[in-house]
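J.: Handing over data32.pdb, PDB, C-alpha atoms.
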MODEL        1
ATOM      1  CA  MET A   1     -27.974  12.954 -21.869
ATOM      2  CA  LYS A   2     -25.067  14.231 -23.929
ATOM      3  CA  ILE A   3     -21.943  12.096 -23.797
ATOM      4  CA  MET A   4     -18.378  13.377 -23.786
ATOM      5  CA  HIS A   5     -15.391  11.109 -24.274
ATOM      6  CA  CYS A   6     -12.833  11.598 -21.496
ATOM      7  CA  PRO A   7      -9.324  10.520 -22.578
ATOM      8  CA  LEU A   8      -8.734   8.958 -19.137
ATOM      9  CA  ASN A   9     -12.139   7.593 -18.176
ATOM     10  CA  GLY A  10     -13.949   6.976 -21.444
ATOM     11  CA  PRO A  11     -17.466   8.097 -22.366
ATOM     12  CA  ARG A  12     -19.235   9.915 -19.534
ATOM     13  CA  ASN A  13     -22.329  12.064 -19.054
ATOM     14  CA  ILE A  14     -21.641  15.708 -19.891
ATOM     15  CA  SER A  15     -22.792  16.650 -16.365
ATOM     16  CA  GLU A  16     -19.541  15.195 -15.011
ATOM     17  CA  PHE A  17     -17.483  17.789 -16.908
ATOM     18  CA  VAL A  18     -16.620  21.408 -16.214
ATOM     19  CA  TYR A  19     -15.607  23.916 -18.908
ATOM     20  CA  GLY A  20     -12.176  25.446 -18.394
ATOM     21  CA  GLY A  21     -11.773  28.079 -21.115
ATOM     22  CA  GLU A  22     -10.000  28.238 -24.423
ATOM     23  CA  VAL A  23      -6.483  26.876 -24.862
ATOM     24  CA  LYS A  24      -4.314  29.800 -25.913
ATOM     25  CA  PRO A  25      -0.662  30.707 -25.549
ATOM     26  CA  MET A  26       0.115  32.473 -22.278
ATOM     27  CA  PRO A  27       1.909  35.803 -22.588
ATOM     28  CA  ASN A  28       4.889  36.238 -20.313
ATOM     29  CA  PRO A  29       3.314  37.630 -17.116
ATOM     30  CA  HIS A  30       6.456  39.623 -16.328
ATOM     31  CA  THR A  31       6.794  41.418 -19.641
ATOM     32  CA  CYS A  32       3.277  41.706 -21.094
ATOM     33  CA  SER A  33       1.023  44.694 -20.609
ATOM     34  CA  ASP A  34      -2.020  44.621 -18.315
ATOM     35  CA  LYS A  35      -4.237  44.706 -21.403
ATOM     36  CA  GLU A  36      -2.551  41.647 -22.900
ATOM     37  CA  TRP A  37      -2.889  39.766 -19.604
ATOM     38  CA  ALA A  38      -6.543  40.757 -19.216
ATOM     39  CA  GLU A  39      -7.231  39.565 -22.746
ATOM     40  CA  TYR A  40      -5.564  36.266 -21.972
ATOM     41  CA  VAL A  41      -7.479  35.738 -18.729
ATOM     42  CA  PHE A  42     -10.908  37.199 -19.438
ATOM     43  CA  TYR A  43     -11.638  37.552 -23.142
ATOM     44  CA  SER A  44     -12.473  34.987 -25.758
ATOM     45  CA  ASP A  45     -13.495  35.127 -29.390
ATOM     46  CA  ASN A  46     -17.114  34.320 -29.930
ATOM     47  CA  THR A  47     -16.937  33.212 -33.537
ATOM     48  CA  ILE A  48     -18.239  30.141 -35.327
ATOM     49  CA  ARG A  49     -15.323  27.760 -35.681
ATOM     50  CA  ILE A  50     -13.683  24.694 -34.212
ATOM     51  CA  ILE A  51     -12.343  25.782 -30.842
ATOM     52  CA  THR A  52      -9.730  24.118 -28.620
ATOM     53  CA  GLU A  53     -10.758  24.158 -24.977
ATOM     54  CA  TRP A  54      -9.765  22.964 -21.513
ATOM     55  CA  TRP A  55     -12.257  20.600 -19.917
ATOM     56  CA  TYR A  56     -12.208  19.027 -16.463
ATOM     57  CA  HIS A  57     -13.594  15.644 -15.459
ATOM     58  CA  ALA A  58     -14.711  16.453 -11.916
ATOM     59  CA  PRO A  59     -14.977  12.945 -10.354
ATOM     60  CA  SER A  60     -11.381  12.115 -11.282
ATOM     61  CA  GLY A  61      -9.889  15.620 -11.072
ATOM     62  CA  TYR A  62      -8.505  15.304 -14.586
ATOM     63  CA  TRP A  63      -7.879  18.178 -17.025
ATOM     64  CA  PHE A  64      -7.778  17.498 -20.740
ATOM     65  CA  ILE A  65      -8.204  19.247 -24.081
ATOM     66  CA  ALA A  66     -11.237  19.044 -26.348
ATOM     67  CA  GLU A  67     -11.907  20.342 -29.846
ATOM     68  CA  ARG A  68     -15.484  21.530 -30.229
ATOM     69  CA  HIS A  69     -17.479  23.248 -32.941
ATOM     70  CA  THR A  70     -19.014  26.399 -31.478
ATOM     71  CA  ALA A  71     -22.144  26.285 -33.648
ATOM     72  CA  SER A  72     -23.095  22.617 -33.671
ATOM     73  CA  ASP A  73     -21.589  22.009 -30.179
ATOM     74  CA  GLU A  74     -20.224  18.756 -31.559
ATOM     75  CA  ILE A  75     -17.136  17.513 -29.711
ATOM     76  CA  LEU A  76     -14.760  16.389 -32.434
ATOM     77  CA  LYS A  77     -11.751  15.239 -30.473
ATOM     78  CA  THR A  78     -10.481  14.953 -26.889
ATOM     79  CA  TYR A  79      -6.925  14.240 -25.819
ATOM     80  CA  ASP A  80      -4.480  14.335 -22.915
ATOM     81  CA  PRO A  81      -2.699  17.690 -22.437
ATOM     82  CA  SER A  82       0.662  15.908 -22.632
ATOM     83  CA  GLU A  83       0.198  15.969 -26.421
ATOM     84  CA  ARG A  84       0.628  19.743 -26.311
ATOM     85  CA  PHE A  85       2.520  20.418 -23.094
ATOM     86  CA  ASP A  86       5.625  18.369 -22.481
ATOM     87  CA  GLN A  87       7.074  20.265 -19.547
ATOM     88  CA  ARG A  88       5.920  21.827 -16.350
ATOM     89  CA  ILE A  89       5.330  25.587 -16.554
ATOM     90  CA  GLU A  90       6.957  27.328 -13.641
ATOM     91  CA  PHE A  91       5.705  30.703 -12.468
ATOM     92  CA  ASP A  92       8.484  32.851 -11.152
ATOM     93  CA  SER A  93       6.660  34.793  -8.477
ATOM     94  CA  LYS A  94       9.705  36.746  -7.369
ATOM     95  CA  PRO A  95       8.753  40.424  -7.507
ATOM     96  CA  GLU A  96      11.007  42.525  -9.652
ATOM     97  CA  LEU A  97      12.926  44.972  -7.545
ATOM     98  CA  THR A  98      12.635  48.536  -8.629
ATOM     99  CA  GLN A  99      15.681  50.684  -8.245
ATOM    100  CA  GLU A 100      15.382  53.156  -5.374
ATOM    101  CA  PRO A 101      16.119  56.630  -6.634
ATOM    102  CA  SER A 102      19.352  57.817  -5.100
ATOM    103  CA  ILE A 103      19.304  61.191  -3.440
TER     104      ILE A 103
ATOM    105  CA  MET B   1       8.791  22.204  10.637
ATOM    106  CA  ASP B   2       8.327  18.521   9.962
ATOM    107  CA  LEU B   3       5.497  17.505   7.680
ATOM    108  CA  PHE B   4       2.407  16.386   9.524
ATOM    109  CA  ASN B   5       1.964  12.671   9.137
ATOM    110  CA  LEU B   6      -1.555  12.069   7.834
ATOM    111  CA  SER B   7      -1.592   8.512   9.149
ATOM    112  CA  ALA B   8      -0.957   9.641  12.707
ATOM    113  CA  ALA B   9      -3.375   8.709  15.511
ATOM    114  CA  PRO B  10      -5.646   6.302  13.611
ATOM    115  CA  ASP B  11      -7.504   5.436  16.827
ATOM    116  CA  LEU B  12      -8.740   9.013  17.064
ATOM    117  CA  ARG B  13     -10.464   8.903  13.674
ATOM    118  CA  LYS B  14     -14.208   8.988  13.966
ATOM    119  CA  SER B  15     -16.739   8.438  11.217
ATOM    120  CA  MET B  16     -19.469  11.061  11.272
ATOM    121  CA  LEU B  17     -21.899   8.671   9.636
ATOM    122  CA  ASP B  18     -25.155   8.021  11.484
ATOM    123  CA  LEU B  19     -26.003   4.396  10.714
ATOM    124  CA  ALA B  20     -28.977   4.114  13.072
ATOM    125  CA  SER B  21     -31.437   5.949  10.809
ATOM    126  CA  THR B  22     -30.968   3.456   7.948
ATOM    127  CA  LYS B  23     -30.491   0.300   9.985
ATOM    128  CA  ALA B  24     -33.957  -1.178   9.411
ATOM    129  CA  LYS B  25     -33.734  -0.728   5.624
ATOM    130  CA  ALA B  26     -30.146  -1.984   5.470
ATOM    131  CA  THR B  27     -30.914  -5.161   7.417
ATOM    132  CA  ARG B  28     -33.640  -6.219   4.969
ATOM    133  CA  SER B  29     -31.501  -5.843   1.841
ATOM    134  CA  SER B  30     -29.311  -8.622   0.446
ATOM    135  CA  ILE B  31     -26.724  -5.945  -0.423
ATOM    136  CA  LYS B  32     -24.497  -5.328   2.555
ATOM    137  CA  MET B  33     -22.736  -1.989   3.010
ATOM    138  CA  GLN B  34     -19.913  -1.388   5.412
ATOM    139  CA  ASP B  35     -18.494   2.001   6.320
ATOM    140  CA  CYS B  36     -14.699   1.744   5.918
ATOM    141  CA  THR B  37     -14.064   5.496   6.132
ATOM    142  CA  VAL B  38     -11.788   5.335   9.161
ATOM    143  CA  PHE B  39      -9.732   2.425   7.826
ATOM    144  CA  SER B  40      -6.192   3.420   6.928
ATOM    145  CA  ARG B  41      -5.353   4.470   3.409
ATOM    146  CA  ALA B  42      -2.741   6.624   1.737
ATOM    147  CA  GLY B  43      -2.407   8.263  -1.648
ATOM    148  CA  PHE B  44       0.634   9.272  -3.662
ATOM    149  CA  ARG B  45       0.927  11.316  -6.782
ATOM    150  CA  GLY B  46       3.783  12.450  -8.987
ATOM    151  CA  THR B  47       6.093  11.158 -11.664
ATOM    152  CA  GLY B  48       8.172   9.351  -9.024
ATOM    153  CA  ALA B  49       5.213   7.665  -7.272
ATOM    154  CA  GLU B  50       5.233   4.460  -9.301
ATOM    155  CA  ALA B  51       8.940   3.788  -8.728
ATOM    156  CA  PHE B  52       8.629   4.728  -5.051
ATOM    157  CA  LEU B  53       5.794   2.260  -4.411
ATOM    158  CA  ALA B  54       7.453  -0.496  -6.425
ATOM    159  CA  SER B  55      10.634  -0.061  -4.384
ATOM    160  CA  HIS B  56       8.544  -0.669  -1.226
ATOM    161  CA  GLY B  57       7.131  -3.921  -2.528
ATOM    162  CA  ILE B  58       3.726  -2.589  -3.575
ATOM    163  CA  ALA B  59       2.300  -4.254  -6.673
ATOM    164  CA  ILE B  60       1.275  -1.630  -9.232
ATOM    165  CA  PRO B  61      -1.634  -1.932 -11.693
ATOM    166  CA  THR B  62      -0.264  -1.529 -15.198
ATOM    167  CA  LYS B  63      -2.841   0.940 -16.540
ATOM    168  CA  PRO B  64      -4.766   3.930 -15.175
ATOM    169  CA  ASN B  65      -8.220   3.090 -13.811
ATOM    170  CA  GLU B  66      -7.200  -0.353 -12.615
ATOM    171  CA  SER B  67      -6.888  -1.814  -9.144
ATOM    172  CA  LEU B  68      -5.398  -4.944  -7.667
ATOM    173  CA  SER B  69      -5.245  -6.752  -4.350
ATOM    174  CA  CYS B  70      -1.626  -6.510  -3.289
ATOM    175  CA  GLN B  71      -2.072  -8.652  -0.182
ATOM    176  CA  ALA B  72      -5.075 -10.183   1.545
ATOM    177  CA  SER B  73      -6.458  -6.843   2.682
ATOM    178  CA  LEU B  74      -4.410  -4.275   0.789
ATOM    179  CA  VAL B  75      -5.895  -2.826  -2.386
ATOM    180  CA  VAL B  76      -3.922  -0.572  -4.747
ATOM    181  CA  LEU B  77      -5.831   1.780  -7.068
ATOM    182  CA  ARG B  78      -4.187   3.457 -10.031
ATOM    183  CA  LEU B  79      -6.325   6.512 -10.732
ATOM    184  CA  SER B  80      -4.162   8.058 -13.438
ATOM    185  CA  ARG B  81      -0.712   7.492 -14.871
ATOM    186  CA  SER B  82       0.856   9.014 -11.763
ATOM    187  CA  GLU B  83      -1.745   8.744  -8.973
ATOM    188  CA  PHE B  84      -2.071   5.788  -6.600
ATOM    189  CA  TRP B  85      -4.214   5.025  -3.567
ATOM    190  CA  ILE B  86      -3.446   2.206  -1.137
ATOM    191  CA  ILE B  87      -6.341   0.987   0.984
ATOM    192  CA  SER B  88      -6.526  -1.382   3.900
ATOM    193  CA  THR B  89      -9.933  -3.013   3.507
ATOM    194  CA  ASP B  90     -10.112  -4.383   7.056
ATOM    195  CA  ASN B  91      -7.861  -1.857   8.811
ATOM    196  CA  SER B  92      -5.213  -4.490   9.516
ATOM    197  CA  GLU B  93      -2.446  -2.900   7.428
ATOM    198  CA  HIS B  94      -2.128   0.420   9.219
ATOM    199  CA  ALA B  95       1.557  -0.078  10.067
ATOM    200  CA  LYS B  96       2.482  -0.679   6.448
ATOM    201  CA  ILE B  97       0.502   2.325   5.202
ATOM    202  CA  GLU B  98       1.972   4.617   7.835
ATOM    203  CA  ALA B  99       5.483   3.376   7.033
ATOM    204  CA  LEU B 100       4.903   4.174   3.347
ATOM    205  CA  GLU B 101       3.753   7.657   4.173
ATOM    206  CA  VAL B 102       6.750   8.350   6.378
ATOM    207  CA  ALA B 103       9.086   6.925   3.730
ATOM    208  CA  ALA B 104       7.593   9.199   1.054
ATOM    209  CA  MET B 105       8.546  12.384   2.892
ATOM    210  CA  GLY B 106      11.155  14.268   0.956
ATOM    211  CA  VAL B 107      11.240  11.832  -1.966
ATOM    212  CA  GLU B 108      11.538  13.785  -5.190
ATOM    213  CA  ASN B 109       8.422  13.866  -7.404
ATOM    214  CA  VAL B 110       6.299  11.968  -4.856
ATOM    215  CA  TYR B 111       3.515  13.932  -3.211
ATOM    216  CA  PRO B 112       1.205  12.568  -0.484
ATOM    217  CA  LEU B 113      -2.541  12.897  -1.075
ATOM    218  CA  TYR B 114      -5.098  13.693   1.582
ATOM    219  CA  CYS B 115      -7.434  10.871   0.627
ATOM    220  CA  GLN B 116      -7.735   9.601   4.213
ATOM    221  CA  HIS B 117      -9.502  12.762   5.284
ATOM    222  CA  SER B 118     -11.103  13.927   2.046
ATOM    223  CA  HIS B 119     -13.021  10.782   1.145
ATOM    224  CA  ALA B 120     -15.483   8.404   2.686
ATOM    225  CA  CYS B 121     -15.133   4.717   1.848
ATOM    226  CA  PHE B 122     -17.904   2.122   1.652
ATOM    227  CA  MET B 123     -17.560  -1.577   0.944
ATOM    228  CA  LEU B 124     -20.526  -3.176  -0.815
ATOM    229  CA  THR B 125     -21.094  -6.899  -1.111
ATOM    230  CA  GLY B 126     -23.898  -9.000  -2.503
ATOM    231  CA  ALA B 127     -24.782 -10.464  -5.879
ATOM    232  CA  GLU B 128     -27.292  -7.680  -6.618
ATOM    233  CA  THR B 129     -24.847  -4.802  -6.004
ATOM    234  CA  GLU B 130     -24.198  -4.293  -9.722
ATOM    235  CA  ASN B 131     -27.944  -4.029 -10.355
ATOM    236  CA  MET B 132     -28.295  -1.528  -7.540
ATOM    237  CA  PHE B 133     -25.564   0.583  -9.180
ATOM    238  CA  SER B 134     -27.568   0.562 -12.414
ATOM    239  CA  LYS B 135     -30.118   2.727 -10.618
ATOM    240  CA  VAL B 136     -27.704   5.398  -9.430
ATOM    241  CA  CYS B 137     -24.693   5.349 -11.777
ATOM    242  CA  GLY B 138     -24.419   6.071 -15.501
ATOM    243  CA  VAL B 139     -21.483   3.718 -16.004
ATOM    244  CA  ASP B 140     -22.255   0.047 -16.552
ATOM    245  CA  LEU B 141     -20.789  -1.774 -13.537
ATOM    246  CA  ARG B 142     -22.129  -5.222 -14.423
ATOM    247  CA  ASN B 143     -19.677  -8.066 -14.305
ATOM    248  CA  ASN B 144     -19.366  -8.634 -18.065
ATOM    249  CA  VAL B 145     -18.033  -5.097 -18.662
ATOM    250  CA  PHE B 146     -16.698  -4.212 -15.197
ATOM    251  CA  PRO B 147     -14.580  -7.158 -14.051
ATOM    252  CA  VAL B 148     -12.501  -7.490 -10.896
ATOM    253  CA  GLY B 149      -9.730  -4.894 -11.076
ATOM    254  CA  ALA B 150     -11.739  -2.269 -12.977
ATOM    255  CA  VAL B 151     -12.015   1.302 -11.667
ATOM    256  CA  ALA B 152     -14.652   3.866 -12.638
ATOM    257  CA  GLN B 153     -14.308   7.512 -11.679
ATOM    258  CA  THR B 154     -17.780   8.814 -12.245
ATOM    259  CA  SER B 155     -20.890  10.124 -10.596
ATOM    260  CA  VAL B 156     -22.880   7.909  -8.216
ATOM    261  CA  ALA B 157     -26.234   9.258  -7.018
ATOM    262  CA  ARG B 158     -25.106  12.641  -8.420
ATOM    263  CA  THR B 159     -21.984  12.672  -6.259
ATOM    264  CA  GLY B 160     -18.502  12.389  -7.735
ATOM    265  CA  ALA B 161     -17.192   8.949  -6.788
ATOM    266  CA  ILE B 162     -14.530   6.352  -7.423
ATOM    267  CA  VAL B 163     -15.775   2.771  -7.700
ATOM    268  CA  THR B 164     -13.651  -0.337  -7.983
ATOM    269  CA  LYS B 165     -14.342  -4.047  -7.920
ATOM    270  CA  GLN B 166     -12.070  -6.433  -6.065
ATOM    271  CA  THR B 167     -12.204  -9.921  -4.686
ATOM    272  CA  HIS B 168     -11.180 -11.647  -1.473
ATOM    273  CA  ALA B 169     -11.800 -14.975   0.235
ATOM    274  CA  GLN B 170     -15.464 -14.094   0.898
ATOM    275  CA  GLY B 171     -16.122 -13.231  -2.753
ATOM    276  CA  ASP B 172     -16.268 -10.108  -4.924
ATOM    277  CA  TYR B 173     -16.921  -6.681  -3.462
ATOM    278  CA  PHE B 174     -17.142  -3.067  -4.561
ATOM    279  CA  LEU B 175     -15.241  -0.231  -2.902
ATOM    280  CA  LEU B 176     -16.736   3.220  -3.267
ATOM    281  CA  PHE B 177     -14.984   6.480  -2.424
ATOM    282  CA  ALA B 178     -16.779   9.795  -2.381
ATOM    283  CA  ASP B 179     -16.340  13.252  -0.902
ATOM    284  CA  ILE B 180     -16.604  12.946   2.861
ATOM    285  CA  ALA B 181     -18.897  15.961   3.093
ATOM    286  CA  SER B 182     -21.599  13.978   1.262
ATOM    287  CA  VAL B 183     -21.171  10.804   3.303
ATOM    288  CA  GLN B 184     -24.531  10.819   5.108
ATOM    289  CA  TYR B 185     -26.496  11.656   1.969
ATOM    290  CA  LEU B 186     -24.725   8.995  -0.089
ATOM    291  CA  TRP B 187     -25.122   6.320   2.573
ATOM    292  CA  GLU B 188     -28.854   7.000   2.784
ATOM    293  CA  ALA B 189     -29.233   7.174  -1.010
ATOM    294  CA  LEU B 190     -27.449   3.850  -1.508
ATOM    295  CA  THR B 191     -29.319   2.171   1.339
ATOM    296  CA  ASP B 192     -32.547   3.333  -0.256
ATOM    297  CA  ALA B 193     -31.446   2.097  -3.698
ATOM    298  CA  ALA B 194     -30.448  -1.262  -2.201
ATOM    299  CA  ALA B 195     -33.687  -1.695  -0.254
ATOM    300  CA  GLU B 196     -35.587  -3.292  -3.145
ATOM    301  CA  PHE B 197     -33.040  -6.120  -3.457
ATOM    302  CA  VAL B 198     -34.143  -8.328  -0.600
TER     303      VAL B 198
ENDMDL
END
Before we go any further, please render this structure as structure tokens.
T.:
Amino acid sequence: MKIMHCPLNGPRNISEFVYGGEVKPMPNPHTCSDKEWAEYVFYSDNTIRIITEWWYHAPSGYWFIAERHTASDEILKTYDPSERFDQRIEFDSKPELTQEPSI
Amino acid sequence: MDLFNLSAAPDLRKSMLDLASTKAKATRSSIKMQDCTVFSRAGFRGTGAEAFLASHGIAIPTKPNESLSCQASLVVLRLSRSEFWIISTDNSEHAKIEALEVAAMGVENVYPLYCQHSHACFMLTGAETENMFSKVCGVDLRNNVFPVGAVAQTSVARTGAIVTKQTHAQGDYFLLFADIASVQYLWEALTDAAAEFV
């Protein structure tokens, strides 16, 4: 069984973890184009390199960040997301009002 | 609308666990399991949770993945930096748990958790319990590496579970929490695993 090191819970079987996608900067959902948003949500590079990814430890409901080599599948480093994100990201869901054309 | 109080009507809680089918096996084993699912518990999460609980006289474990016995039958689990569960192990502390939940309403950065209804709770006692866990859990729960006060959030019999070890007047015991939807399966799996330890 492959072992992954969870920053909160320590070494655990890989079967306890769920992959959560690559860590990448989020474009502003209000100003970016649909293509930019689709690329952010759906697309990922499939190149050989060290990749930074979200992983989830299911039994404890804990999200963290891991650095993994995409060819060897070796997990080089795992850490708490607070090392990268120091404030809560708020999503302003207020729809932007479009100006009614005046007759 | 007022928030619904999750601790309301404790006498109407009913465990869906069917104990009759495993009774013969369970009686033979030296490991005793008790279903504590309907016993009162409450969870709190958020950056204000630690200060809120401390202000209500609840002792707080210093690090994540630790637990402590706050009073004779009140166990506090710290599951992450900002997540806490408070469990009454013999259902005698309902009033205190309900009072905490009511007091938490509207407190900034303190969010109640639905752990009363989302999780089943078993209490396991017996000297062989740690050896039984070796059969169904990848984490070493033996006494030399998993002392009283330790918490493991891991997989037990392929079900996500929280396990902690605590002690009371009758000796050490394990508390196990797992998704309530898997309660019957897990009870039967653990009874089966415990059957060889007579």
J.: The PyMOL selection byres ((chain B) within 6 of (chain A)) on the file shown: which residues, as a list in words?
T.: Gln153, Thr154, Gly160 and Ala161 of chain B
J.: Grab the residues selected above and save them as a PDB file, in the frame of the given file with C-alpha atoms.
T.:
ATOM      1  CA  GLN B 153     -14.308   7.512 -11.679  1.00  0.00           C
ATOM      2  CA  THR B 154     -17.780   8.814 -12.245  1.00  0.00           C
ATOM      3  CA  GLY B 160     -18.502  12.389  -7.735  1.00  0.00           C
ATOM      4  CA  ALA B 161     -17.192   8.949  -6.788  1.00  0.00           C
TER       5      ALA B 161
END
J.: Need the neighbours of (-5.6, 19.3, -21.7): which residues are at most 8 Å away, counting only C-alpha atoms, as a PyMOL selection string?
T.: chain A and resi 53-55+63-66+79-82+84
J.: Quick one: pull the distance between CA of Ile51 (chain A) and CA of Val23 (chain A), Å, one decimal.
T.: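 According to the coordinates, CA of Ile51 (chain A) and CA of Val23 (chain A) are separated by 8.4 Å.
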J.: Just the residues within 9 Å of Cys137 (chain B), please, counting all atoms listed in the file, with nothing from its chain fewer than 3 positions along; format it as a list of chain:residue names.
T.: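 Contacts, with the query itself left out: B:Met132, B:Phe133, B:Ser134, B:Asp140, B:Leu141, B:Thr154, B:Ser155, B:Val156, B:Ala157, B:Arg158.
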J.: Using only C-alpha atoms, which of the listed residues (B:Ile58, B:Ile162, B:Ala49, B:Val139) sits closest to Ile3 (chain A)?
T.: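 Of all the options, B:Val139 lies closest to Ile3 (chain A).
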J.: Selected by the PyMOL selection byres ((chain B and resi 172-175) around 12) in the shown coordinates: which residues, as a ChimeraX atom specification?
T.: /B:31-37,67-69,75-77,87-90,119-130,132-133,141-143,146-153,161-171,176-178
J.: Please produce a file of the residues just selected, as a PDB file, keeping the file's coordinate frame, where the atoms kept are C-alpha atoms.
T.:
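What landed in again23.pdb:
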ATOM      1  CA  ILE B  31     -26.724  -5.945  -0.423  1.00  0.00           C
ATOM      2  CA  LYS B  32     -24.497  -5.328   2.555  1.00  0.00           C
ATOM      3  CA  MET B  33     -22.736  -1.989   3.010  1.00  0.00           C
ATOM      4  CA  GLN B  34     -19.913  -1.388   5.412  1.00  0.00           C
ATOM      5  CA  ASP B  35     -18.494   2.001   6.320  1.00  0.00           C
ATOM      6  CA  CYS B  36     -14.699   1.744   5.918  1.00  0.00           C
ATOM      7  CA  THR B  37     -14.064   5.496   6.132  1.00  0.00           C
ATOM      8  CA  SER B  67      -6.888  -1.814  -9.144  1.00  0.00           C
ATOM      9  CA  LEU B  68      -5.398  -4.944  -7.667  1.00  0.00           C
ATOM     10  CA  SER B  69      -5.245  -6.752  -4.350  1.00  0.00           C
ATOM     11  CA  VAL B  75      -5.895  -2.826  -2.386  1.00  0.00           C
ATOM     12  CA  VAL B  76      -3.922  -0.572  -4.747  1.00  0.00           C
ATOM     13  CA  LEU B  77      -5.831   1.780  -7.068  1.00  0.00           C
ATOM     14  CA  ILE B  87      -6.341   0.987   0.984  1.00  0.00           C
ATOM     15  CA  SER B  88      -6.526  -1.382   3.900  1.00  0.00           C
ATOM     16  CA  THR B  89      -9.933  -3.013   3.507  1.00  0.00           C
ATOM     17  CA  ASP B  90     -10.112  -4.383   7.056  1.00  0.00           C
ATOM     18  CA  HIS B 119     -13.021  10.782   1.145  1.00  0.00           C
ATOM     19  CA  ALA B 120     -15.483   8.404   2.686  1.00  0.00           C
ATOM     20  CA  CYS B 121     -15.133   4.717   1.848  1.00  0.00           C
ATOM     21  CA  PHE B 122     -17.904   2.122   1.652  1.00  0.00           C
ATOM     22  CA  MET B 123     -17.560  -1.577   0.944  1.00  0.00           C
ATOM     23  CA  LEU B 124     -20.526  -3.176  -0.815  1.00  0.00           C
ATOM     24  CA  THR B 125     -21.094  -6.899  -1.111  1.00  0.00           C
ATOM     25  CA  GLY B 126     -23.898  -9.000  -2.503  1.00  0.00           C
ATOM     26  CA  ALA B 127     -24.782 -10.464  -5.879  1.00  0.00           C
ATOM     27  CA  GLU B 128     -27.292  -7.680  -6.618  1.00  0.00           C
ATOM     28  CA  THR B 129     -24.847  -4.802  -6.004  1.00  0.00           C
ATOM     29  CA  GLU B 130     -24.198  -4.293  -9.722  1.00  0.00           C
ATOM     30  CA  MET B 132     -28.295  -1.528  -7.540  1.00  0.00           C
ATOM     31  CA  PHE B 133     -25.564   0.583  -9.180  1.00  0.00           C
ATOM     32  CA  LEU B 141     -20.789  -1.774 -13.537  1.00  0.00           C
ATOM     33  CA  ARG B 142     -22.129  -5.222 -14.423  1.00  0.00           C
ATOM     34  CA  ASN B 143     -19.677  -8.066 -14.305  1.00  0.00           C
ATOM     35  CA  PHE B 146     -16.698  -4.212 -15.197  1.00  0.00           C
ATOM     36  CA  PRO B 147     -14.580  -7.158 -14.051  1.00  0.00           C
ATOM     37  CA  VAL B 148     -12.501  -7.490 -10.896  1.00  0.00           C
ATOM     38  CA  GLY B 149      -9.730  -4.894 -11.076  1.00  0.00           C
ATOM     39  CA  ALA B 150     -11.739  -2.269 -12.977  1.00  0.00           C
ATOM     40  CA  VAL B 151     -12.015   1.302 -11.667  1.00  0.00           C
ATOM     41  CA  ALA B 152     -14.652   3.866 -12.638  1.00  0.00           C
ATOM     42  CA  GLN B 153     -14.308   7.512 -11.679  1.00  0.00           C
ATOM     43  CA  ALA B 161     -17.192   8.949  -6.788  1.00  0.00           C
ATOM     44  CA  ILE B 162     -14.530   6.352  -7.423  1.00  0.00           C
ATOM     45  CA  VAL B 163     -15.775   2.771  -7.700  1.00  0.00           C
ATOM     46  CA  THR B 164     -13.651  -0.337  -7.983  1.00  0.00           C
ATOM     47  CA  LYS B 165     -14.342  -4.047  -7.920  1.00  0.00           C
ATOM     48  CA  GLN B 166     -12.070  -6.433  -6.065  1.00  0.00           C
ATOM     49  CA  THR B 167     -12.204  -9.921  -4.686  1.00  0.00           C
ATOM     50  CA  HIS B 168     -11.180 -11.647  -1.473  1.00  0.00           C
ATOM     51  CA  ALA B 169     -11.800 -14.975   0.235  1.00  0.00           C
ATOM     52  CA  GLN B 170     -15.464 -14.094   0.898  1.00  0.00           C
ATOM     53  CA  GLY B 171     -16.122 -13.231  -2.753  1.00  0.00           C
ATOM     54  CA  LEU B 176     -16.736   3.220  -3.267  1.00  0.00           C
ATOM     55  CA  PHE B 177     -14.984   6.480  -2.424  1.00  0.00           C
ATOM     56  CA  ALA B 178     -16.779   9.795  -2.381  1.00  0.00           C
TER      57      ALA B 178
END
J.: One decimal, Å: what's the distance from CA of Pro61 (chain B) over to CA of Leu74 (chain B), could you say?
T.: 13.0 Å
J.: If I wrap all listed atoms of region 120-138 of chain B in a box with edges along x, y and z and add 3 Å on each side, what are its centre and edge lengths in Å to one decimal, as lines of an AutoDock Vina configuration file?
T.:
center_x = -22.6
center_y = -1.0
center_z = -6.4
size_x = 21.0
size_y = 24.9
size_z = 24.2
J.: Neighbours of Arg68 (chain A) within 9 Å (only C-alpha atoms; same-chain residues fewer than 6 positions away dropped), as a PyMOL selection string?
T.: chain A and resi 49-53+74-78
J.: Decode the PyMOL selection byres ((chain B and resi 93) around 10) for the given file into explicit residues and return them as a list in words.
T.: Phe39, Ser40, Arg41, Gln71, Ala72, Ser73, Leu74, Ile87, Ser88, Thr89, Asp90, Asn91, Ser92, His94, Ala95, Lys96, Ile97 and Glu98 of chain B
J.: Would you output that residue set with C-alpha atoms, as a compact mmCIF listing (two decimals), keeping the file's coordinate frame?
T.:
# COMPACT_ATOMS: atom_id res chain seq x y z
CA PHE B 39 -9.73 2.42 7.83
CA SER B 40 -6.19 3.42 6.93
CA ARG B 41 -5.35 4.47 3.41
CA GLN B 71 -2.07 -8.65 -0.18
CA ALA B 72 -5.08 -10.18 1.54
CA SER B 73 -6.46 -6.84 2.68
CA LEU B 74 -4.41 -4.28 0.79
CA ILE B 87 -6.34 0.99 0.98
CA SER B 88 -6.53 -1.38 3.90
CA THR B 89 -9.93 -3.01 3.51
CA ASP B 90 -10.11 -4.38 7.06
CA ASN B 91 -7.86 -1.86 8.81
CA SER B 92 -5.21 -4.49 9.52
CA HIS B 94 -2.13 0.42 9.22
CA ALA B 95 1.56 -0.08 10.07
CA LYS B 96 2.48 -0.68 6.45
CA ILE B 97 0.50 2.33 5.20
CA GLU B 98 1.97 4.62 7.84
